[in-house]
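Trainee: Let me begin by handing over the structure; questions about it come next.
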Amino acid sequence: MKKIIIIFVGSFLLNACSKVPITGRIRVNLVGDSQVLPASFAQYKGFLTENKLSTDIEMTGQIKTVGAKISGAVDRFMRANKMLSEANSYQWEFNLIEDEMLNAWCMPGGKVIFYSGIMPICANDNGIAAVMGHEVAHAFAKHGQERMTTSYGQQVGQLLIALGTVNGGSDSQKIWNTAYGVSSGLGVLKFSRIHEQEADRLGLIFMIMAGYDGREAAAVWVRMSEKLKGSSQPEILSTHPSNAARIKDLKSYLPIANKFASKFNELQ
């Protein structure tokens, strides 16, 4: 019975494997757009009714203008690479919320929120493009769906451990469940950091494709570091890379991003 379950789960996961465009990273995604997007759009609509839109016309205009350019670059890439169904599934929308939170996010399907608190960190259109590119990249790479799949995988892992220790007594099960809980928890954090680095790199490419200065991406995190003044927790216990690690990676990846963006734009 255990072998049958393992074979079934293995074949199921194999069929769910695909590559993230551009980076080529192998991902496992068991959650389809038809399941996620309707809920995403409904949640975004509800969020807008429960939160205050910014009345700053200039900043709101910046968000919408930069968002249109970044999403246009992503759309061009998808259509040029025969990702037509994905391109058509996006319902791009960009809004600025009046809130001092240092944050921005993009839901699956292209629904973007910036908080007014992050605007001084962005500082200019290039900075907004860096943050916008990063958040849009999360949706492009389907990180949300992948994390949902990871959650399902943890539940399956617990089931397999229960089966594997069924003859080992309660003490054995407790030991293995504890070990699994710790390792899988840290595994998810590392997985999240991988997503963040991938979004940083993809976002860098997208902002350059849209005509923005990629050097500003690292500068955004310099300003974020100055704002936070070393208050971040150890990287191994965080869902995000350290600010110093992000700055270093963005600077080292910039020549690659410039080359890819230039090559793609030349082909259009």
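Ordering of the structure tokens sets the chain letters (A, B, ...); residue numbers start at 1 within each chain; ligands are numbered from 1 in the order shown.
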Report as a ChimeraX atom specification: the residues of segment 30-141 of chain A with a DSSP assignment of alpha helix (DSSP H), based on the backbone of this structure.

Mentor: /A:33-50,57-80,84-89,119-122,125-140

Trainee: Just how far from atom CA of Leu204 of chain A is atom CA of Ile22 of chain A, in Å to one decimal?

Mentor: 12.0 Å

Trainee: Name the residues in contact with Ala245 of chain A at a cut-off of 10 Å, using only C-alpha atoms, excluding same-chain residues fewer than 3 positions from it; report them as a ChimeraX atom specification.

Mentor: /A:197,221,235,240-242,248-250

Trainee: Let's have the selection written as a PDB file, in the first residue's frame, with N, CA and C atoms.

Mentor:
ATOM      1  N   GLN A 197      14.548  35.860  -4.707  1.00  0.00           N
ATOM      2  CA  GLN A 197      15.673  36.108  -5.605  1.00  0.00           C
ATOM      3  C   GLN A 197      15.232  36.015  -7.062  1.00  0.00           C
ATOM      4  N   TRP A 221      17.064  48.900  -2.429  1.00  0.00           N
ATOM      5  CA  TRP A 221      17.350  48.107  -1.235  1.00  0.00           C
ATOM      6  C   TRP A 221      18.383  48.772  -0.341  1.00  0.00           C
ATOM      7  N   GLU A 235      18.916  35.515   8.160  1.00  0.00           N
ATOM      8  CA  GLU A 235      18.372  35.119   6.868  1.00  0.00           C
ATOM      9  C   GLU A 235      17.783  33.714   6.884  1.00  0.00           C
ATOM     10  N   HIS A 240      12.657  36.171   3.328  1.00  0.00           N
ATOM     11  CA  HIS A 240      13.322  37.024   2.342  1.00  0.00           C
ATOM     12  C   HIS A 240      14.835  36.962   2.533  1.00  0.00           C
ATOM     13  N   PRO A 241      15.600  37.138   1.443  1.00  0.00           N
ATOM     14  CA  PRO A 241      17.052  37.260   1.600  1.00  0.00           C
ATOM     15  C   PRO A 241      17.365  38.530   2.399  1.00  0.00           C
ATOM     16  N   SER A 242      18.550  38.590   2.983  1.00  0.00           N
ATOM     17  CA  SER A 242      18.948  39.810   3.670  1.00  0.00           C
ATOM     18  C   SER A 242      19.072  40.940   2.654  1.00  0.00           C
ATOM     19  N   LYS A 248      23.777  42.840  -3.350  1.00  0.00           N
ATOM     20  CA  LYS A 248      24.897  42.189  -4.035  1.00  0.00           C
ATOM     21  C   LYS A 248      24.436  41.418  -5.259  1.00  0.00           C
ATOM     22  N   ASP A 249      23.329  40.655  -5.115  1.00  0.00           N
ATOM     23  CA  ASP A 249      22.846  39.843  -6.227  1.00  0.00           C
ATOM     24  C   ASP A 249      22.312  40.711  -7.366  1.00  0.00           C
ATOM     25  N   LEU A 250      21.592  41.773  -7.035  1.00  0.00           N
ATOM     26  CA  LEU A 250      21.052  42.649  -8.076  1.00  0.00           C
ATOM     27  C   LEU A 250      22.167  43.334  -8.863  1.00  0.00           C
TER      28      LEU A 250
END

Trainee: For Val131 of chain A, list every protein, DNA or RNA residue within 8 Å, evaluated using only C-alpha atoms, and leave out those in the same chain fewer than 3 positions away; present the list as a PyMOL selection string.

Mentor: chain A and resi 104+122+127-128+134-135+203+217

Trainee: Take the selection from the previous step and output its residues with C-alpha atoms, as a short mmCIF file (atom, residue, chain, number, x, y, z; two decimals), in the first residue's frame.

Mentor:
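Below is the file result-v3.cif, written as the result:
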data_model
loop_
_atom_site.label_atom_id
_atom_site.label_comp_id
_atom_site.auth_asym_id
_atom_site.auth_seq_id
_atom_site.Cartn_x
_atom_site.Cartn_y
_atom_site.Cartn_z
CA ALA A 104 3.69 46.34 -2.30
CA CYS A 122 11.09 54.01 -4.34
CA GLY A 127 12.58 52.88 -8.12
CA ILE A 128 8.86 52.32 -8.59
CA HIS A 134 9.64 42.45 -8.59
CA GLU A 135 5.99 42.12 -7.55
CA GLY A 203 11.79 42.07 -12.14
CA ALA A 217 16.88 48.17 -8.23
#

Trainee: Give the strand (DSSP E or B) residues of segment 111-149 of chain A, as DSSP finds them on the backbone, and put them as a list in words.

Mentor: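 Put together, the selection reads Lys111, Val112, Ile113, Phe114 and Tyr115 of chain A.
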
Trainee: So which one's closest to Glu100 of chain A, A:Asn29, A:Ser116, A:Asn126, A:Ser85? Using only C-alpha atoms, please.

Mentor: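 Selected residue with least distance to Glu100 of chain A: A:Ser116.
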
Trainee: Can you pull out every residue within 9 Å of Val36 of chain A, counting only C-alpha atoms, but drop anything in the same chain fewer than 3 positions away, and send it as a VMD selection string?

Mentor: chain A and resid 31 to 33 39 to 41 108 to 109 145

Trainee: Kindly save the residues from that selection, with N, CA and C atoms included, as a compact mmCIF listing (two decimals), in the first residue's frame.

Mentor:
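Written output follows (again_16.txt):
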# COMPACT_ATOMS: atom_id res chain seq x y z
N VAL A 31 -1.76 23.66 -8.88
CA VAL A 31 -2.91 24.57 -8.80
C VAL A 31 -3.04 25.34 -10.10
N GLY A 32 -4.13 25.15 -10.82
CA GLY A 32 -4.34 25.79 -12.11
C GLY A 32 -4.89 27.20 -11.98
N ASP A 33 -4.70 28.00 -13.04
CA ASP A 33 -5.21 29.37 -13.04
C ASP A 33 -6.72 29.42 -12.86
N ALA A 39 -10.71 33.65 -7.52
CA ALA A 39 -10.57 34.00 -6.11
C ALA A 39 -9.68 35.22 -5.95
N SER A 40 -8.61 35.29 -6.74
CA SER A 40 -7.68 36.41 -6.67
C SER A 40 -8.38 37.72 -7.02
N PHE A 41 -9.14 37.72 -8.10
CA PHE A 41 -9.83 38.92 -8.53
C PHE A 41 -10.88 39.36 -7.51
N PRO A 108 -2.01 36.85 -8.14
CA PRO A 108 -2.08 36.12 -9.41
C PRO A 108 -3.08 36.79 -10.35
N GLY A 109 -2.68 36.93 -11.61
CA GLY A 109 -3.56 37.56 -12.58
C GLY A 109 -3.32 39.04 -12.77
N GLN A 145 0.88 30.15 -6.66
CA GLN A 145 0.38 28.80 -6.92
C GLN A 145 1.38 27.75 -6.45

Trainee: Between A:Asn51, A:Asn124, A:Ser34, A:Ser192, which is the closest to Glu86 of chain A once you count only C-alpha atoms?

Mentor: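 Answer, going by the shortest atom-to-atom distance: A:Ser34.
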
Trainee: Find the spatial neighbours of Ala129 of chain A, counting only C-alpha atoms, within a cut-off of 7 Å - ignore same-chain residues fewer than 5 positions away - and output them as a ChimeraX atom specification.

Mentor: /A:66,207,212

Trainee: Take the selection from the previous step and output its residues with C-alpha atoms, as an mmCIF file, in the first residue's frame.

Mentor:
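Saved to selection-v3.cif:
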data_model
loop_
_atom_site.group_PDB
_atom_site.id
_atom_site.type_symbol
_atom_site.label_atom_id
_atom_site.label_comp_id
_atom_site.auth_asym_id
_atom_site.auth_seq_id
_atom_site.Cartn_x
_atom_site.Cartn_y
_atom_site.Cartn_z
ATOM 1 C CA VAL A 66 4.878 52.537 -14.445
ATOM 2 C CA MET A 207 11.968 46.961 -15.730
ATOM 3 C CA TYR A 212 13.823 51.905 -16.910
#

Trainee: Quick one: residues within 10 Å of Tyr115 of chain A, only C-alpha atoms counted, chain neighbours fewer than 6 positions away excluded, as a ChimeraX atom specification?

Mentor: /A:53-54,95-105

Trainee: For the residues selected in the previous step, produce a file with all heavy atoms as a tab-separated table (two decimals), in the first residue's frame.

Mentor:
chain	number	residue	atom	x	y	z
A	53	LEU	N	-8.01	54.33	-0.80
A	53	LEU	CA	-7.16	54.68	-1.93
A	53	LEU	C	-6.49	56.03	-1.67
A	53	LEU	O	-7.09	56.93	-1.07
A	53	LEU	CB	-7.98	54.75	-3.21
A	53	LEU	CG	-8.49	53.42	-3.80
A	53	LEU	CD1	-9.45	53.68	-4.94
A	53	LEU	CD2	-7.31	52.57	-4.28
A	54	SER	N	-5.25	56.17	-2.14
A	54	SER	CA	-4.55	57.43	-1.98
A	54	SER	C	-5.23	58.54	-2.78
A	54	SER	O	-5.71	58.32	-3.89
A	54	SER	CB	-3.10	57.28	-2.45
A	54	SER	OG	-2.44	58.53	-2.44
A	95	ASN	N	-3.11	50.05	-8.10
A	95	ASN	CA	-3.68	51.02	-7.17
A	95	ASN	C	-2.71	51.34	-6.04
A	95	ASN	O	-1.90	50.51	-5.65
A	95	ASN	CB	-4.99	50.47	-6.58
A	95	ASN	CG	-6.14	50.56	-7.57
A	95	ASN	OD1	-6.61	51.65	-7.91
A	95	ASN	ND2	-6.60	49.41	-8.05
A	96	LEU	N	-2.84	52.57	-5.53
A	96	LEU	CA	-2.02	53.05	-4.42
A	96	LEU	C	-2.92	53.22	-3.20
A	96	LEU	O	-3.94	53.92	-3.26
A	96	LEU	CB	-1.37	54.39	-4.79
A	96	LEU	CG	-0.50	55.05	-3.71
A	96	LEU	CD1	0.72	54.19	-3.40
A	96	LEU	CD2	-0.07	56.45	-4.17
A	97	ILE	N	-2.55	52.58	-2.10
A	97	ILE	CA	-3.32	52.61	-0.86
A	97	ILE	C	-2.67	53.58	0.13
A	97	ILE	O	-1.45	53.62	0.26
A	97	ILE	CB	-3.40	51.20	-0.22
A	97	ILE	CG1	-4.16	50.25	-1.14
A	97	ILE	CG2	-4.06	51.26	1.15
A	97	ILE	CD1	-5.61	50.62	-1.38
A	98	GLU	N	-3.49	54.36	0.81
A	98	GLU	CA	-2.99	55.29	1.82
A	98	GLU	C	-2.69	54.52	3.10
A	98	GLU	O	-3.56	54.22	3.90
A	98	GLU	CB	-4.04	56.37	2.09
A	98	GLU	CG	-3.54	57.53	2.93
A	98	GLU	CD	-2.42	58.30	2.25
A	98	GLU	OE1	-2.54	58.58	1.03
A	98	GLU	OE2	-1.42	58.59	2.93
A	99	ASP	N	-1.42	54.18	3.28
A	99	ASP	CA	-0.99	53.39	4.42
A	99	ASP	C	0.52	53.50	4.53
A	99	ASP	O	1.22	53.45	3.51
A	99	ASP	CB	-1.41	51.92	4.25
A	99	ASP	CG	-1.25	51.10	5.51
A	99	ASP	OD1	-0.12	51.04	6.03
A	99	ASP	OD2	-2.24	50.51	5.97
A	100	GLU	N	1.05	53.64	5.74
A	100	GLU	CA	2.48	53.83	5.93
A	100	GLU	C	3.29	52.53	5.83
A	100	GLU	O	4.51	52.54	6.03
A	100	GLU	CB	2.75	54.51	7.27
A	100	GLU	CG	2.30	55.97	7.30
A	100	GLU	CD	2.91	56.78	6.16
A	100	GLU	OE1	4.15	56.79	6.02
A	100	GLU	OE2	2.13	57.38	5.39
A	101	MET	N	2.64	51.43	5.55
A	101	MET	CA	3.34	50.15	5.42
A	101	MET	C	4.37	50.21	4.29
A	101	MET	O	4.11	50.76	3.22
A	101	MET	CB	2.32	49.04	5.13
A	101	MET	CG	2.88	47.64	5.22
A	101	MET	SD	1.62	46.37	4.84
A	101	MET	CE	0.37	46.74	6.08
A	102	LEU	N	5.55	49.63	4.55
A	102	LEU	CA	6.61	49.57	3.54
A	102	LEU	C	6.41	48.32	2.70
A	102	LEU	O	7.14	47.33	2.85
A	102	LEU	CB	7.99	49.55	4.22
A	102	LEU	CG	8.35	50.73	5.11
A	102	LEU	CD1	9.70	50.49	5.78
A	102	LEU	CD2	8.37	52.02	4.32
A	103	ASN	N	5.45	48.37	1.81
A	103	ASN	CA	5.12	47.13	1.11
A	103	ASN	C	4.43	47.40	-0.22
A	103	ASN	O	3.91	48.50	-0.47
A	103	ASN	CB	4.22	46.25	1.99
A	103	ASN	CG	4.26	44.79	1.60
A	103	ASN	OD1	5.11	44.37	0.80
A	103	ASN	ND2	3.36	43.99	2.14
A	104	ALA	N	4.44	46.38	-1.05
A	104	ALA	CA	3.69	46.34	-2.30
A	104	ALA	C	3.49	44.87	-2.62
A	104	ALA	O	4.23	44.02	-2.13
A	104	ALA	CB	4.45	47.03	-3.43
A	105	TRP	N	2.48	44.54	-3.41
A	105	TRP	CA	2.27	43.14	-3.77
A	105	TRP	C	1.48	43.04	-5.07
A	105	TRP	O	0.85	44.00	-5.52
A	105	TRP	CB	1.58	42.34	-2.66
A	105	TRP	CG	0.41	42.99	-1.96
A	105	TRP	CD1	0.46	43.66	-0.77
A	105	TRP	CD2	-0.96	43.00	-2.38
A	105	TRP	NE1	-0.81	44.08	-0.42
A	105	TRP	CE2	-1.70	43.69	-1.38
A	105	TRP	CE3	-1.65	42.49	-3.48
A	105	TRP	CZ2	-3.08	43.91	-1.46
A	105	TRP	CZ3	-3.03	42.70	-3.57
A	105	TRP	CH2	-3.72	43.40	-2.57

Trainee: Compare A:Gly67, A:Gly72, A:Gly214, A:Gly46 by their minimum atom-to-atom distance to Ala257 of chain A, counting only C-alpha atoms, and give me the closest one.

Mentor: A:Gly214
